[in-house]
>>> print(open('target.txt').read())   # compact mmCIF, C-alpha atoms and all ligand atoms
# COMPACT_ATOMS: atom_id res chain seq x y z
CA MET A 1 0.00 0.00 0.00
CA LYS A 2 1.61 3.24 -1.15
CA GLU A 3 1.02 6.50 0.67
CA LYS A 4 0.56 9.49 -1.65
CA PHE A 5 1.08 12.22 0.93
CA CYS A 6 3.68 12.85 3.62
CA LYS A 7 2.42 11.67 7.04
CA ASP A 8 4.12 14.62 8.76
CA CYS A 9 3.49 17.65 6.55
CA GLY A 10 0.82 16.46 4.09
CA HIS A 11 2.79 17.41 0.95
CA LEU A 12 2.52 15.21 -2.13
CA LEU A 13 5.30 12.60 -2.16
CA THR A 14 7.69 12.19 -5.05
CA GLU A 15 9.91 9.18 -5.72
CA LYS A 16 13.63 9.00 -5.25
CA ASP A 17 16.28 6.33 -5.58
CA TYR A 18 17.47 4.98 -2.23
CA THR A 19 20.72 3.01 -2.09
CA ASN A 20 20.01 -0.75 -2.28
CA GLU A 21 16.26 -0.19 -1.81
CA GLY A 22 15.24 1.06 -5.26
CA ILE A 23 12.62 3.76 -5.68
CA VAL A 24 11.17 4.98 -2.37
CA PRO A 25 8.55 7.71 -1.75
CA PHE A 26 10.25 10.97 -0.80
CA CYS A 27 9.00 14.23 0.73
CA ASN A 28 10.79 17.24 -0.78
CA HIS A 29 9.37 19.48 1.94
CA CYS A 30 10.72 17.42 4.90
CA ASN A 31 13.71 16.22 2.84
CA GLN A 32 13.05 12.66 4.08
CA TYR A 33 12.21 9.25 2.67
CA ARG A 34 8.75 8.01 3.62
CA PHE A 35 8.80 4.23 3.53
CA PRO A 36 5.28 2.77 3.12
CA ALA A 37 3.66 2.13 6.51
CA PHE A 38 2.14 -1.20 7.53
CA SER A 39 1.11 -2.90 10.76
CA THR A 40 2.90 -5.77 12.49
CA ALA A 41 1.11 -8.50 14.40
CA ILE A 42 1.96 -11.75 16.12
CA SER A 43 0.01 -14.95 15.64
CA ALA A 44 0.49 -17.91 17.95
CA ILE A 45 0.25 -21.64 17.48
CA ILE A 46 -0.26 -22.62 21.11
CA LEU A 47 0.54 -26.16 22.24
CA ASN A 48 -0.57 -27.84 25.47
CA PRO A 49 2.21 -28.95 27.89
CA ASP A 50 2.30 -32.43 26.21
CA GLN A 51 2.65 -30.79 22.79
CA THR A 52 -0.18 -32.94 21.38
CA LYS A 53 -2.92 -30.33 20.95
CA ILE A 54 -3.40 -26.81 19.57
CA VAL A 55 -5.78 -24.17 20.85
CA LEU A 56 -8.10 -22.42 18.38
CA ILE A 57 -10.35 -19.52 19.28
CA GLN A 58 -13.47 -17.83 17.92
CA GLN A 59 -13.77 -14.09 18.43
CA TYR A 60 -17.03 -12.79 19.85
CA GLY A 61 -19.75 -12.87 17.18
CA ARG A 62 -17.61 -14.67 14.57
CA LYS A 63 -17.68 -18.24 13.37
CA ASP A 64 -14.14 -18.81 12.07
CA ASN A 65 -11.64 -20.76 14.14
CA ILE A 66 -8.45 -18.72 14.30
CA LEU A 67 -5.15 -18.48 16.14
CA VAL A 68 -4.54 -16.10 19.03
CA ALA A 69 -3.14 -12.95 17.44
CA GLY A 70 -2.46 -9.33 18.30
CA TYR A 71 -0.99 -6.14 16.91
CA VAL A 72 2.44 -4.98 18.00
CA ALA A 73 2.19 -1.53 19.59
CA GLN A 74 4.66 1.19 18.59
CA GLY A 75 7.76 0.83 20.78
CA ASP A 76 6.99 -2.79 21.69
CA ASN A 77 8.55 -5.98 20.27
CA LEU A 78 7.30 -9.32 18.94
CA GLU A 79 8.27 -11.46 21.94
CA SER A 80 6.64 -9.36 24.66
CA THR A 81 3.53 -8.91 22.51
CA LEU A 82 3.30 -12.69 22.09
CA ILE A 83 3.59 -13.44 25.81
CA ARG A 84 1.18 -10.63 26.79
CA GLU A 85 -1.49 -11.54 24.21
CA ILE A 86 -1.57 -15.19 25.32
CA GLN A 87 -1.81 -14.11 28.96
CA GLU A 88 -4.56 -11.57 28.22
CA GLU A 89 -6.61 -13.72 25.86
CA LEU A 90 -6.33 -17.17 27.47
CA GLY A 91 -4.94 -16.48 30.95
CA LEU A 92 -2.06 -18.89 30.24
CA SER A 93 1.71 -18.47 30.72
CA VAL A 94 4.10 -19.20 27.85
CA GLN A 95 6.78 -21.70 28.87
CA SER A 96 8.71 -21.72 25.61
CA TYR A 97 8.37 -20.29 22.14
CA ARG A 98 10.14 -20.14 18.83
CA PHE A 99 9.68 -18.07 15.71
CA MET A 100 8.18 -19.98 12.78
CA SER A 101 7.62 -17.72 9.75
CA SER A 102 6.03 -14.48 8.63
CA GLU A 103 3.63 -13.57 5.85
CA TYR A 104 2.25 -10.26 4.64
CA HIS A 105 -1.57 -10.10 4.79
CA LYS A 106 -2.76 -7.68 2.11
CA GLY A 107 -6.34 -7.23 3.36
CA SER A 108 -5.22 -5.72 6.65
CA ASN A 109 -1.85 -4.35 5.41
CA THR A 110 -0.20 -6.35 8.19
CA LEU A 111 2.97 -8.38 8.48
CA MET A 112 1.89 -11.48 10.45
CA CYS A 113 4.72 -13.04 12.49
CA ASN A 114 3.91 -16.58 13.53
CA TYR A 115 5.32 -18.26 16.65
CA LEU A 116 5.05 -21.79 17.98
CA CYS A 117 4.55 -21.73 21.76
CA THR A 118 3.99 -24.15 24.60
CA VAL A 119 1.89 -23.00 27.55
CA ASN A 120 1.86 -24.12 31.19
CA SER A 121 -1.66 -25.58 31.34
CA GLU A 122 -4.66 -26.82 29.35
CA ASN A 123 -7.06 -24.89 31.57
CA LEU A 124 -9.03 -22.44 29.41
CA SER A 125 -11.27 -21.11 32.18
CA GLY A 126 -9.33 -17.84 32.27
CA THR A 127 -10.23 -16.98 28.67
CA ASN A 128 -11.01 -13.30 27.98
CA HIS A 129 -14.66 -12.30 27.49
CA GLU A 130 -13.88 -10.94 23.99
CA ILE A 131 -13.31 -14.53 22.93
CA ASP A 132 -16.49 -16.46 22.33
CA HIS A 133 -14.96 -19.90 22.36
CA ALA A 134 -11.54 -21.46 22.91
CA ALA A 135 -10.82 -25.18 22.66
CA TRP A 136 -8.01 -27.72 22.20
CA PHE A 137 -7.76 -29.69 18.96
CA THR A 138 -5.49 -32.48 17.76
CA PHE A 139 -3.15 -31.39 14.95
CA ALA A 140 -5.31 -33.10 12.29
CA GLU A 141 -8.50 -31.56 13.69
CA ALA A 142 -6.96 -28.09 13.88
CA VAL A 143 -6.00 -28.12 10.19
CA ARG A 144 -9.58 -29.15 9.29
CA GLU A 145 -11.29 -26.66 11.61
CA VAL A 146 -9.69 -23.49 10.20
CA LYS A 147 -10.61 -21.69 6.99
CA ARG A 148 -9.28 -23.49 3.92
CA ASP A 149 -6.29 -21.91 2.14
CA SER A 150 -6.10 -19.20 4.81
CA LEU A 151 -2.93 -17.80 6.33
CA VAL A 152 -3.90 -19.60 9.55
CA GLN A 153 -3.92 -22.93 7.71
CA THR A 154 -0.53 -22.19 6.11
CA PHE A 155 0.96 -21.38 9.53
CA LEU A 156 -0.55 -24.56 11.01
CA HIS A 157 0.90 -26.77 8.25
CA ARG A 158 4.38 -25.27 8.72
CA ALA A 159 4.32 -25.67 12.48
CA ILE A 160 3.01 -29.24 12.41
CA ASP A 161 5.60 -30.21 9.76
CA SER A 162 8.34 -28.76 11.98
CA LEU A 163 7.21 -30.98 14.90
CA LYS A 164 7.43 -34.26 12.95
ZN ZN B 201 6.78 16.02 4.56
>>> encode(input="target.txt", output="structure tokens")
Amino acid sequence: MKEKFCKDCGHLLTEKDYTNEGIVPFCNHCNQYRFPAFSTAISAIILNPDQTKIVLIQQYGRKDNILVAGYVAQGDNLESTLIREIQEELGLSVQSYRFMSSEYHKGSNTLMCNYLCTVNSENLSGTNHEIDHAAWFTFAEAVREVKRDSLVQTFLHRAIDSLK
């Protein structure tokens, strides 16, 4: 997604060559490059302590089974966002995690960064009220229960393959 105007001064952006980056939007008024802005979010494949099941959630009023996810706030980082989101949404503590892969999601202009995590308990009674439903699924069930050909399904396949 390309911005047409400078986010600071509102002047129309031009384009200028930036070393090793190619053509980048440039504000002649501020004399600065304006790289296109996008959001960053974490998404979490959450395993039970035995590492045999994955938790999927449904947000309030929605039917799709999805992964726990959350936007990274300005000034924050991926790891603390991951640990905080899982605590806030499920009331569970992350015992270990590792980065899996990232994909750009065009619809929301967001770079999704997927982690594989193991939590301390299977108890979902501390789930946040903004979540309608949270449940554990076997790996095979989880792949079937999410939207076909979605980013969630891609992330699930990669994580499950990495556990074999
Ligand atoms: Zn400007």
>>> closest_atom_pairs(input="target.txt", of="chain A", to="ligand ZN 201 (chain B)", cutoff="8 Å", atoms="all atoms listed in the file", output="Markdown table")
| residue | atom | partner | partner_atom | distance |
| --- | --- | --- | --- | --- |
| A:Phe5 | CA | B:ZN201 | ZN | 7.8 |
| A:Cys6 | CA | B:ZN201 | ZN | 4.5 |
| A:Lys7 | CA | B:ZN201 | ZN | 6.6 |
| A:Asp8 | CA | B:ZN201 | ZN | 5.2 |
| A:Cys9 | CA | B:ZN201 | ZN | 4.2 |
| A:Gly10 | CA | B:ZN201 | ZN | 6.0 |
| A:His11 | CA | B:ZN201 | ZN | 5.6 |
| A:Leu12 | CA | B:ZN201 | ZN | 8.0 |
| A:Leu13 | CA | B:ZN201 | ZN | 7.7 |
| A:Cys27 | CA | B:ZN201 | ZN | 4.8 |
| A:Asn28 | CA | B:ZN201 | ZN | 6.8 |
| A:His29 | CA | B:ZN201 | ZN | 5.1 |
| A:Cys30 | CA | B:ZN201 | ZN | 4.2 |
| A:Asn31 | CA | B:ZN201 | ZN | 7.1 |
| A:Gln32 | CA | B:ZN201 | ZN | 7.1 |
>>> closest_residue(input="target.txt", among="A:Ser150, A:Asn109, A:Ser43, A:Ser162", to="A:Thr81", atoms="only C-alpha atoms")
A:Ser43
>>> closest_residue(input="target.txt", among="A:Thr118, A:Thr154, A:Gln74, A:Ser80", to="A:Ile54", atoms="only C-alpha atoms")
A:Thr118
>>> residues_around(input="target.txt", residues="A:Leu116", least_positions_apart="2", cutoff="12 Å", atoms="only C-alpha atoms", output="PDB file with C-alpha atoms, keeping the file's coordinate frame")
ATOM      1  CA  ILE A  42       1.960 -11.750  16.120  1.00  0.00           C
ATOM      2  CA  SER A  43       0.010 -14.950  15.640  1.00  0.00           C
ATOM      3  CA  ALA A  44       0.490 -17.910  17.950  1.00  0.00           C
ATOM      4  CA  ILE A  45       0.250 -21.640  17.480  1.00  0.00           C
ATOM      5  CA  ILE A  46      -0.260 -22.620  21.110  1.00  0.00           C
ATOM      6  CA  LEU A  47       0.540 -26.160  22.240  1.00  0.00           C
ATOM      7  CA  ASN A  48      -0.570 -27.840  25.470  1.00  0.00           C
ATOM      8  CA  GLN A  51       2.650 -30.790  22.790  1.00  0.00           C
ATOM      9  CA  ILE A  54      -3.400 -26.810  19.570  1.00  0.00           C
ATOM     10  CA  VAL A  55      -5.780 -24.170  20.850  1.00  0.00           C
ATOM     11  CA  LEU A  67      -5.150 -18.480  16.140  1.00  0.00           C
ATOM     12  CA  VAL A  68      -4.540 -16.100  19.030  1.00  0.00           C
ATOM     13  CA  GLU A  79       8.270 -11.460  21.940  1.00  0.00           C
ATOM     14  CA  LEU A  82       3.300 -12.690  22.090  1.00  0.00           C
ATOM     15  CA  ILE A  83       3.590 -13.440  25.810  1.00  0.00           C
ATOM     16  CA  ILE A  86      -1.570 -15.190  25.320  1.00  0.00           C
ATOM     17  CA  VAL A  94       4.100 -19.200  27.850  1.00  0.00           C
ATOM     18  CA  GLN A  95       6.780 -21.700  28.870  1.00  0.00           C
ATOM     19  CA  SER A  96       8.710 -21.720  25.610  1.00  0.00           C
ATOM     20  CA  TYR A  97       8.370 -20.290  22.140  1.00  0.00           C
ATOM     21  CA  ARG A  98      10.140 -20.140  18.830  1.00  0.00           C
ATOM     22  CA  PHE A  99       9.680 -18.070  15.710  1.00  0.00           C
ATOM     23  CA  MET A 100       8.180 -19.980  12.780  1.00  0.00           C
ATOM     24  CA  SER A 101       7.620 -17.720   9.750  1.00  0.00           C
ATOM     25  CA  SER A 102       6.030 -14.480   8.630  1.00  0.00           C
ATOM     26  CA  CYS A 113       4.720 -13.040  12.490  1.00  0.00           C
ATOM     27  CA  ASN A 114       3.910 -16.580  13.530  1.00  0.00           C
ATOM     28  CA  THR A 118       3.990 -24.150  24.600  1.00  0.00           C
ATOM     29  CA  VAL A 119       1.890 -23.000  27.550  1.00  0.00           C
ATOM     30  CA  PHE A 155       0.960 -21.380   9.530  1.00  0.00           C
ATOM     31  CA  LEU A 156      -0.550 -24.560  11.010  1.00  0.00           C
ATOM     32  CA  HIS A 157       0.900 -26.770   8.250  1.00  0.00           C
ATOM     33  CA  ARG A 158       4.380 -25.270   8.720  1.00  0.00           C
ATOM     34  CA  ALA A 159       4.320 -25.670  12.480  1.00  0.00           C
ATOM     35  CA  ILE A 160       3.010 -29.240  12.410  1.00  0.00           C
ATOM     36  CA  ASP A 161       5.600 -30.210   9.760  1.00  0.00           C
ATOM     37  CA  SER A 162       8.340 -28.760  11.980  1.00  0.00           C
ATOM     38  CA  LEU A 163       7.210 -30.980  14.900  1.00  0.00           C
TER      39      LEU A 163
END
>>> residues_near_point(input="target.txt", point="(-2.8, -33.3, 20.8)", cutoff="6 Å", atoms="all atoms listed in the file", output="list in words")
Thr52, Lys53 and Thr138 of chain A
>>> closest_residue(input="target.txt", among="A:Leu90, A:Ala142, A:Ala134, A:Ala41", to="A:Tyr115", atoms="only C-alpha atoms")
A:Ala41
>>> residues_around(input="target.txt", residues="A:Phe38", least_positions_apart="2", cutoff="10 Å", atoms="only C-alpha atoms", output="PyMOL selection string")
chain A and resi 1-2+35-36+40+104+106+108-111
>>> atom_distance(input="target.txt", atom1="atom CA of A:Ser39", atom2="atom CA of A:Val152")
17.5 Å
>>> residues_near_point(input="target.txt", point="(-7.8, -28.3, 13.1)", cutoff="10 Å", atoms="all atoms listed in the file", output="PyMOL selection string")
chain A and resi 53-56+65-66+136-147+153+156
>>> closest_residue(input="target.txt", among="A:Ile57, A:Val24, A:Cys117, A:Ala37", to="A:Ala135", atoms="only C-alpha atoms")
A:Ile57
>>> decode(input="target.txt", residues="stretch 79-154 of chain A", atoms="C-alpha atoms", output="compact mmCIF listing (two decimals), in the first residue's frame")
# COMPACT_ATOMS: atom_id res chain seq x y z
CA GLU A 79 8.27 -11.46 21.94
CA SER A 80 6.64 -9.36 24.66
CA THR A 81 3.53 -8.91 22.51
CA LEU A 82 3.30 -12.69 22.09
CA ILE A 83 3.59 -13.44 25.81
CA ARG A 84 1.18 -10.63 26.79
CA GLU A 85 -1.49 -11.54 24.21
CA ILE A 86 -1.57 -15.19 25.32
CA GLN A 87 -1.81 -14.11 28.96
CA GLU A 88 -4.56 -11.57 28.22
CA GLU A 89 -6.61 -13.72 25.86
CA LEU A 90 -6.33 -17.17 27.47
CA GLY A 91 -4.94 -16.48 30.95
CA LEU A 92 -2.06 -18.89 30.24
CA SER A 93 1.71 -18.47 30.72
CA VAL A 94 4.10 -19.20 27.85
CA GLN A 95 6.78 -21.70 28.87
CA SER A 96 8.71 -21.72 25.61
CA TYR A 97 8.37 -20.29 22.14
CA ARG A 98 10.14 -20.14 18.83
CA PHE A 99 9.68 -18.07 15.71
CA MET A 100 8.18 -19.98 12.78
CA SER A 101 7.62 -17.72 9.75
CA SER A 102 6.03 -14.48 8.63
CA GLU A 103 3.63 -13.57 5.85
CA TYR A 104 2.25 -10.26 4.64
CA HIS A 105 -1.57 -10.10 4.79
CA LYS A 106 -2.76 -7.68 2.11
CA GLY A 107 -6.34 -7.23 3.36
CA SER A 108 -5.22 -5.72 6.65
CA ASN A 109 -1.85 -4.35 5.41
CA THR A 110 -0.20 -6.35 8.19
CA LEU A 111 2.97 -8.38 8.48
CA MET A 112 1.89 -11.48 10.45
CA CYS A 113 4.72 -13.04 12.49
CA ASN A 114 3.91 -16.58 13.53
CA TYR A 115 5.32 -18.26 16.65
CA LEU A 116 5.05 -21.79 17.98
CA CYS A 117 4.55 -21.73 21.76
CA THR A 118 3.99 -24.15 24.60
CA VAL A 119 1.89 -23.00 27.55
CA ASN A 120 1.86 -24.12 31.19
CA SER A 121 -1.66 -25.58 31.34
CA GLU A 122 -4.66 -26.82 29.35
CA ASN A 123 -7.06 -24.89 31.57
CA LEU A 124 -9.03 -22.44 29.41
CA SER A 125 -11.27 -21.11 32.18
CA GLY A 126 -9.33 -17.84 32.27
CA THR A 127 -10.23 -16.98 28.67
CA ASN A 128 -11.01 -13.30 27.98
CA HIS A 129 -14.66 -12.30 27.49
CA GLU A 130 -13.88 -10.94 23.99
CA ILE A 131 -13.31 -14.53 22.93
CA ASP A 132 -16.49 -16.46 22.33
CA HIS A 133 -14.96 -19.90 22.36
CA ALA A 134 -11.54 -21.46 22.91
CA ALA A 135 -10.82 -25.18 22.66
CA TRP A 136 -8.01 -27.72 22.20
CA PHE A 137 -7.76 -29.69 18.96
CA THR A 138 -5.49 -32.48 17.76
CA PHE A 139 -3.15 -31.39 14.95
CA ALA A 140 -5.31 -33.10 12.29
CA GLU A 141 -8.50 -31.56 13.69
CA ALA A 142 -6.96 -28.09 13.88
CA VAL A 143 -6.00 -28.12 10.19
CA ARG A 144 -9.58 -29.15 9.29
CA GLU A 145 -11.29 -26.66 11.61
CA VAL A 146 -9.69 -23.49 10.20
CA LYS A 147 -10.61 -21.69 6.99
CA ARG A 148 -9.28 -23.49 3.92
CA ASP A 149 -6.29 -21.91 2.14
CA SER A 150 -6.10 -19.20 4.81
CA LEU A 151 -2.93 -17.80 6.33
CA VAL A 152 -3.90 -19.60 9.55
CA GLN A 153 -3.92 -22.93 7.71
CA THR A 154 -0.53 -22.19 6.11
